[in-house]
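protein.txt, holding compact mmCIF, N, CA and C atoms:
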# COMPACT_ATOMS: atom_id res chain seq x y z
N GLY A 1 8.72 -6.77 -0.98
CA GLY A 1 8.72 -7.54 -2.21
C GLY A 1 8.08 -6.78 -3.36
N MET A 2 7.89 -7.48 -4.46
CA MET A 2 7.28 -6.86 -5.63
C MET A 2 5.81 -6.59 -5.36
N PRO A 3 5.28 -5.47 -5.92
CA PRO A 3 3.85 -5.24 -5.76
C PRO A 3 3.03 -6.27 -6.53
N SER A 4 1.85 -6.55 -6.05
CA SER A 4 0.92 -7.43 -6.73
C SER A 4 -0.21 -6.58 -7.30
N ASN A 5 -0.97 -7.17 -8.23
CA ASN A 5 -2.11 -6.47 -8.82
C ASN A 5 -3.38 -7.26 -8.58
N LEU A 6 -4.47 -6.54 -8.42
CA LEU A 6 -5.76 -7.20 -8.31
C LEU A 6 -6.79 -6.36 -9.03
N GLU A 7 -7.58 -7.00 -9.89
CA GLU A 7 -8.69 -6.29 -10.52
C GLU A 7 -9.96 -6.74 -9.85
N GLY A 8 -10.84 -5.79 -9.60
CA GLY A 8 -12.09 -6.15 -8.94
C GLY A 8 -13.07 -5.01 -8.98
N THR A 9 -14.11 -5.17 -8.19
CA THR A 9 -15.21 -4.22 -8.15
C THR A 9 -15.23 -3.57 -6.77
N VAL A 10 -15.34 -2.26 -6.75
CA VAL A 10 -15.38 -1.54 -5.48
C VAL A 10 -16.62 -1.95 -4.70
N LYS A 11 -16.42 -2.33 -3.45
CA LYS A 11 -17.55 -2.56 -2.55
C LYS A 11 -17.80 -1.34 -1.68
N SER A 12 -16.71 -0.82 -1.10
CA SER A 12 -16.83 0.40 -0.31
C SER A 12 -15.49 1.12 -0.33
N VAL A 13 -15.54 2.41 -0.06
CA VAL A 13 -14.32 3.21 -0.10
C VAL A 13 -14.42 4.33 0.93
N SER A 14 -13.33 4.58 1.62
CA SER A 14 -13.26 5.72 2.52
C SER A 14 -11.93 6.40 2.27
N SER A 15 -11.62 7.41 3.05
CA SER A 15 -10.39 8.15 2.77
C SER A 15 -9.14 7.30 2.97
N ASN A 16 -9.22 6.25 3.79
CA ASN A 16 -8.00 5.48 4.06
C ASN A 16 -8.15 3.98 3.82
N LEU A 17 -9.27 3.56 3.22
CA LEU A 17 -9.48 2.13 2.99
C LEU A 17 -10.37 1.93 1.78
N ILE A 18 -9.97 0.99 0.93
CA ILE A 18 -10.85 0.59 -0.18
C ILE A 18 -11.06 -0.91 -0.09
N THR A 19 -12.32 -1.33 -0.19
CA THR A 19 -12.65 -2.75 -0.16
C THR A 19 -13.16 -3.14 -1.54
N VAL A 20 -12.55 -4.20 -2.08
CA VAL A 20 -12.81 -4.63 -3.45
C VAL A 20 -13.26 -6.08 -3.41
N THR A 21 -14.23 -6.43 -4.24
CA THR A 21 -14.60 -7.83 -4.39
C THR A 21 -14.04 -8.33 -5.72
N SER A 22 -13.55 -9.55 -5.68
CA SER A 22 -12.91 -10.12 -6.86
C SER A 22 -13.20 -11.61 -6.90
N THR A 23 -13.42 -12.13 -8.10
CA THR A 23 -13.65 -13.56 -8.23
C THR A 23 -12.33 -14.31 -8.09
N SER A 24 -12.34 -15.38 -7.32
CA SER A 24 -11.11 -16.15 -7.11
C SER A 24 -10.64 -16.73 -8.43
N LYS A 25 -9.37 -17.14 -8.46
CA LYS A 25 -8.76 -17.62 -9.71
C LYS A 25 -9.57 -18.75 -10.35
N ASP A 26 -10.13 -19.64 -9.52
CA ASP A 26 -10.88 -20.77 -10.10
C ASP A 26 -12.33 -20.37 -10.42
N GLY A 27 -12.69 -19.12 -10.13
CA GLY A 27 -14.02 -18.65 -10.47
C GLY A 27 -15.11 -19.16 -9.54
N MET A 28 -14.73 -19.83 -8.46
CA MET A 28 -15.72 -20.49 -7.60
C MET A 28 -16.26 -19.59 -6.51
N LYS A 29 -15.48 -18.58 -6.09
CA LYS A 29 -15.99 -17.77 -5.00
C LYS A 29 -15.57 -16.32 -5.14
N ILE A 30 -16.33 -15.48 -4.49
CA ILE A 30 -16.04 -14.06 -4.48
C ILE A 30 -15.23 -13.75 -3.23
N GLU A 31 -14.08 -13.15 -3.43
CA GLU A 31 -13.23 -12.78 -2.30
C GLU A 31 -13.39 -11.28 -2.06
N GLU A 32 -13.30 -10.90 -0.80
CA GLU A 32 -13.39 -9.49 -0.44
C GLU A 32 -12.05 -9.09 0.15
N ILE A 33 -11.42 -8.09 -0.46
CA ILE A 33 -10.08 -7.71 -0.04
C ILE A 33 -10.07 -6.22 0.28
N SER A 34 -9.49 -5.86 1.42
CA SER A 34 -9.39 -4.45 1.79
C SER A 34 -7.95 -3.99 1.66
N PHE A 35 -7.79 -2.79 1.15
CA PHE A 35 -6.47 -2.19 0.96
C PHE A 35 -6.41 -0.87 1.71
N GLN A 36 -5.28 -0.64 2.38
CA GLN A 36 -5.04 0.64 3.03
C GLN A 36 -4.68 1.67 1.97
N LEU A 37 -5.24 2.87 2.10
CA LEU A 37 -4.86 3.99 1.24
C LEU A 37 -4.05 4.97 2.07
N ASN A 38 -3.05 5.57 1.47
CA ASN A 38 -2.29 6.58 2.19
C ASN A 38 -1.85 7.68 1.23
N GLY A 39 -1.08 8.62 1.74
CA GLY A 39 -0.66 9.76 0.93
C GLY A 39 0.19 9.37 -0.27
N GLU A 40 0.73 8.17 -0.25
CA GLU A 40 1.58 7.74 -1.36
C GLU A 40 0.84 6.91 -2.40
N THR A 41 -0.43 6.61 -2.13
CA THR A 41 -1.21 5.83 -3.11
C THR A 41 -1.46 6.69 -4.35
N LYS A 42 -1.02 6.20 -5.50
CA LYS A 42 -1.26 6.93 -6.75
C LYS A 42 -2.67 6.61 -7.25
N LEU A 43 -3.36 7.64 -7.75
CA LEU A 43 -4.70 7.46 -8.30
C LEU A 43 -4.64 7.73 -9.80
N ASN A 44 -5.17 6.80 -10.59
CA ASN A 44 -5.19 6.96 -12.05
C ASN A 44 -6.64 7.08 -12.53
N HIS A 45 -6.88 8.06 -13.37
CA HIS A 45 -8.20 8.31 -13.97
C HIS A 45 -9.21 8.86 -12.96
N ILE A 46 -8.76 9.19 -11.76
CA ILE A 46 -9.62 9.84 -10.78
C ILE A 46 -8.77 10.86 -10.02
N ALA A 47 -9.41 11.93 -9.58
CA ALA A 47 -8.69 12.97 -8.85
C ALA A 47 -8.58 12.61 -7.37
N SER A 48 -9.61 11.93 -6.86
CA SER A 48 -9.58 11.52 -5.45
C SER A 48 -10.44 10.29 -5.27
N VAL A 49 -10.27 9.61 -4.16
CA VAL A 49 -11.05 8.38 -3.93
C VAL A 49 -12.53 8.69 -3.77
N ASP A 50 -12.87 9.97 -3.49
CA ASP A 50 -14.29 10.34 -3.40
C ASP A 50 -15.02 10.06 -4.71
N GLN A 51 -14.26 9.98 -5.79
CA GLN A 51 -14.90 9.78 -7.10
C GLN A 51 -15.19 8.31 -7.38
N LEU A 52 -14.73 7.43 -6.51
CA LEU A 52 -15.05 6.01 -6.67
C LEU A 52 -16.34 5.71 -5.95
N LYS A 53 -17.12 4.79 -6.54
CA LYS A 53 -18.34 4.36 -5.86
C LYS A 53 -18.49 2.86 -6.02
N ALA A 54 -19.35 2.29 -5.21
CA ALA A 54 -19.58 0.85 -5.27
C ALA A 54 -19.96 0.47 -6.69
N GLY A 55 -19.37 -0.64 -7.15
CA GLY A 55 -19.66 -1.12 -8.49
C GLY A 55 -18.62 -0.70 -9.52
N ASP A 56 -17.81 0.30 -9.20
CA ASP A 56 -16.76 0.71 -10.15
C ASP A 56 -15.71 -0.38 -10.28
N LEU A 57 -15.18 -0.53 -11.48
CA LEU A 57 -14.10 -1.48 -11.71
C LEU A 57 -12.77 -0.79 -11.45
N VAL A 58 -11.92 -1.44 -10.69
CA VAL A 58 -10.61 -0.87 -10.39
C VAL A 58 -9.53 -1.93 -10.51
N LYS A 59 -8.32 -1.47 -10.74
CA LYS A 59 -7.15 -2.33 -10.66
C LYS A 59 -6.29 -1.73 -9.55
N VAL A 60 -6.02 -2.53 -8.54
CA VAL A 60 -5.24 -2.07 -7.40
C VAL A 60 -3.87 -2.73 -7.43
N SER A 61 -2.83 -1.92 -7.37
CA SER A 61 -1.48 -2.46 -7.14
C SER A 61 -1.21 -2.30 -5.66
N TYR A 62 -0.64 -3.31 -5.05
CA TYR A 62 -0.46 -3.25 -3.60
C TYR A 62 0.78 -4.00 -3.17
N LYS A 63 1.22 -3.67 -1.97
CA LYS A 63 2.30 -4.44 -1.35
C LYS A 63 1.81 -4.91 0.01
N LYS A 64 2.32 -6.03 0.43
CA LYS A 64 1.92 -6.59 1.73
C LYS A 64 2.80 -6.01 2.83
N ASP A 65 2.17 -5.69 3.94
CA ASP A 65 2.89 -5.20 5.11
C ASP A 65 2.32 -5.98 6.29
N GLY A 66 2.94 -7.12 6.59
CA GLY A 66 2.36 -8.00 7.61
C GLY A 66 1.02 -8.51 7.11
N ASP A 67 -0.03 -8.32 7.90
CA ASP A 67 -1.37 -8.78 7.51
C ASP A 67 -2.07 -7.77 6.62
N ARG A 68 -1.50 -6.57 6.50
CA ARG A 68 -2.19 -5.53 5.76
C ARG A 68 -1.74 -5.49 4.31
N LYS A 69 -2.62 -5.00 3.47
CA LYS A 69 -2.27 -4.77 2.08
C LYS A 69 -2.33 -3.25 1.86
N ILE A 70 -1.21 -2.69 1.45
CA ILE A 70 -1.11 -1.25 1.24
C ILE A 70 -1.24 -0.97 -0.25
N ALA A 71 -2.24 -0.19 -0.65
CA ALA A 71 -2.42 0.13 -2.07
C ALA A 71 -1.34 1.11 -2.50
N THR A 72 -0.58 0.73 -3.54
CA THR A 72 0.40 1.66 -4.09
C THR A 72 -0.22 2.46 -5.23
N SER A 73 -1.20 1.88 -5.92
CA SER A 73 -1.95 2.65 -6.90
C SER A 73 -3.34 2.06 -7.08
N VAL A 74 -4.28 2.95 -7.41
CA VAL A 74 -5.65 2.55 -7.71
C VAL A 74 -5.98 3.14 -9.07
N ASP A 75 -6.32 2.26 -9.99
CA ASP A 75 -6.56 2.65 -11.37
C ASP A 75 -8.01 2.36 -11.70
N LYS A 76 -8.80 3.40 -11.94
CA LYS A 76 -10.21 3.16 -12.30
C LYS A 76 -10.26 2.67 -13.74
N GLN A 77 -10.94 1.55 -13.93
CA GLN A 77 -11.02 0.93 -15.26
C GLN A 77 -12.22 1.48 -16.02
N ASP A 78 -12.12 1.39 -17.33
CA ASP A 78 -13.21 1.83 -18.20
C ASP A 78 -14.25 0.72 -18.25
N ALA A 79 -15.39 0.95 -17.62
CA ALA A 79 -16.41 -0.10 -17.48
C ALA A 79 -16.96 -0.54 -18.83
N THR A 80 -17.12 0.41 -19.76
CA THR A 80 -17.72 0.05 -21.04
C THR A 80 -16.80 -0.88 -21.82
N LYS A 81 -15.50 -0.60 -21.77
CA LYS A 81 -14.54 -1.45 -22.46
C LYS A 81 -14.57 -2.86 -21.88
N LYS A 82 -14.61 -2.92 -20.55
CA LYS A 82 -14.60 -4.20 -19.85
C LYS A 82 -15.85 -5.02 -20.22
N ALA A 83 -17.01 -4.36 -20.19
CA ALA A 83 -18.26 -5.05 -20.49
C ALA A 83 -18.24 -5.60 -21.91
N ALA A 84 -17.73 -4.80 -22.83
CA ALA A 84 -17.70 -5.22 -24.24
C ALA A 84 -16.83 -6.46 -24.39
N SER A 85 -15.70 -6.49 -23.69
CA SER A 85 -14.78 -7.61 -23.86
C SER A 85 -15.33 -8.88 -23.22
N GLU A 86 -16.30 -8.74 -22.32
CA GLU A 86 -16.82 -9.92 -21.64
C GLU A 86 -18.12 -10.42 -22.24
N THR A 87 -18.61 -9.73 -23.27
CA THR A 87 -19.88 -10.15 -23.87
C THR A 87 -19.73 -11.55 -24.44
N LYS A 88 -20.65 -12.42 -24.08
CA LYS A 88 -20.62 -13.79 -24.59
C LYS A 88 -21.44 -13.84 -25.88
N ILE A 89 -20.89 -14.48 -26.86
CA ILE A 89 -21.58 -14.58 -28.16
C ILE A 89 -22.57 -15.74 -28.09
Could you express the structure from this file as structure tokens?
Amino acid sequence: GMPSNLEGTVKSVSSNLITVTSTSKDGMKIEEISFQLNGETKLNHIASVDQLKAGDLVKVSYKKDGDRKIATSVDKQDATKKAASETKI
């Protein structure tokens, strides 16, 4: 099917798995989602997943494969831009 997108915060990352925490749509709970990484996963704004660390903001595009979620791309977000847009007046 069509890929889905998820924006969240990196919790942990290894060469073949990235775990991201994201607030649920209703804002009530934090969900933890793991995505498989493979040779076809595109990386944007980073040369390798080694450059990601816990707390980084990412946007993951993924497709479902049975129970697994396969990351088709991982896009590191600009944290300063994100923080500025979320500042409450």
query: Within 8 Å of Asn44 of chain A, counting all atoms listed in the file, which residues qualify if same-chain residues fewer than 2 places away don't, as a VMD selection string?
result: chain A and resid 41 to 42 46 to 48 73 to 77
task: Determine which residues of chain A receive a DSSP assignment of strand (DSSP E or B), computed from the backbone, and state them as number ranges by chain.
output: A: 4-13, 17-23, 30-36, 42-44, 57-65, 68-76
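Here atom CA of Lys64 of chain A and atom N of Lys29 of chain A stand 22.5 Å from one another.
The space separating atom N of Leu57 of chain A from atom CA of Met2 of chain A comes to 24.1 Å.
Atom to atom, atom N of Asn16 of chain A and atom C of Met28 of chain A stand 28.7 Å apart.
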field: Close residues, Val13 of chain A itself excluded, 8 Å, all atoms listed in the file, min 5 positions apart in chain, as an MDAnalysis selection string
entry: chainID A and resid 18:20 49:50 52:54
- request: For Arg68 of chain A, work out the shell of residues within 7 Å, counting only N, CA and C atoms and skipping chain neighbours fewer than 6 positions away, then give it as a list in words.
  value: Ser34, Phe35 and Gln36 of chain A
task: May I have the residues within 6 Å of Tyr62 of chain A as number ranges by chain, using only N, CA and C atoms and disregarding those fewer than 2 positions away in the same chain?
output: A: 3-5, 60, 64, 69-73
task: Compile the contact shell of Ser22 of chain A as an MDAnalysis selection string: residues with an atom at most 7 Å away, counting all atoms listed in the file, same-chain residues fewer than 5 positions apart removed.
output: chainID A and resid 7:9 29:33
Run DSSP on the backbone and give me the residues of chain A it puts in alpha helix (DSSP H), as a PDB file with N, CA and C atoms, keeping the file's coordinate frame.
ATOM      1  N   ALA A  79     -15.390   0.950 -17.620  1.00  0.00           N
ATOM      2  CA  ALA A  79     -16.410  -0.100 -17.480  1.00  0.00           C
ATOM      3  C   ALA A  79     -16.960  -0.540 -18.830  1.00  0.00           C
ATOM      4  N   THR A  80     -17.120   0.410 -19.760  1.00  0.00           N
ATOM      5  CA  THR A  80     -17.720   0.050 -21.040  1.00  0.00           C
ATOM      6  C   THR A  80     -16.800  -0.880 -21.820  1.00  0.00           C
ATOM      7  N   LYS A  81     -15.500  -0.600 -21.770  1.00  0.00           N
ATOM      8  CA  LYS A  81     -14.540  -1.450 -22.460  1.00  0.00           C
ATOM      9  C   LYS A  81     -14.570  -2.860 -21.880  1.00  0.00           C
ATOM     10  N   LYS A  82     -14.610  -2.920 -20.550  1.00  0.00           N
ATOM     11  CA  LYS A  82     -14.600  -4.200 -19.850  1.00  0.00           C
ATOM     12  C   LYS A  82     -15.850  -5.020 -20.220  1.00  0.00           C
ATOM     13  N   ALA A  83     -17.010  -4.360 -20.190  1.00  0.00           N
ATOM     14  CA  ALA A  83     -18.260  -5.050 -20.490  1.00  0.00           C
ATOM     15  C   ALA A  83     -18.240  -5.600 -21.910  1.00  0.00           C
ATOM     16  N   ALA A  84     -17.730  -4.800 -22.830  1.00  0.00           N
ATOM     17  CA  ALA A  84     -17.700  -5.220 -24.240  1.00  0.00           C
ATOM     18  C   ALA A  84     -16.830  -6.460 -24.390  1.00  0.00           C
ATOM     19  N   SER A  85     -15.700  -6.490 -23.690  1.00  0.00           N
ATOM     20  CA  SER A  85     -14.780  -7.610 -23.860  1.00  0.00           C
ATOM     21  C   SER A  85     -15.330  -8.880 -23.220  1.00  0.00           C
ATOM     22  N   GLU A  86     -16.300  -8.740 -22.320  1.00  0.00           N
ATOM     23  CA  GLU A  86     -16.820  -9.920 -21.640  1.00  0.00           C
ATOM     24  C   GLU A  86     -18.120 -10.420 -22.240  1.00  0.00           C
TER      25      GLU A  86
END
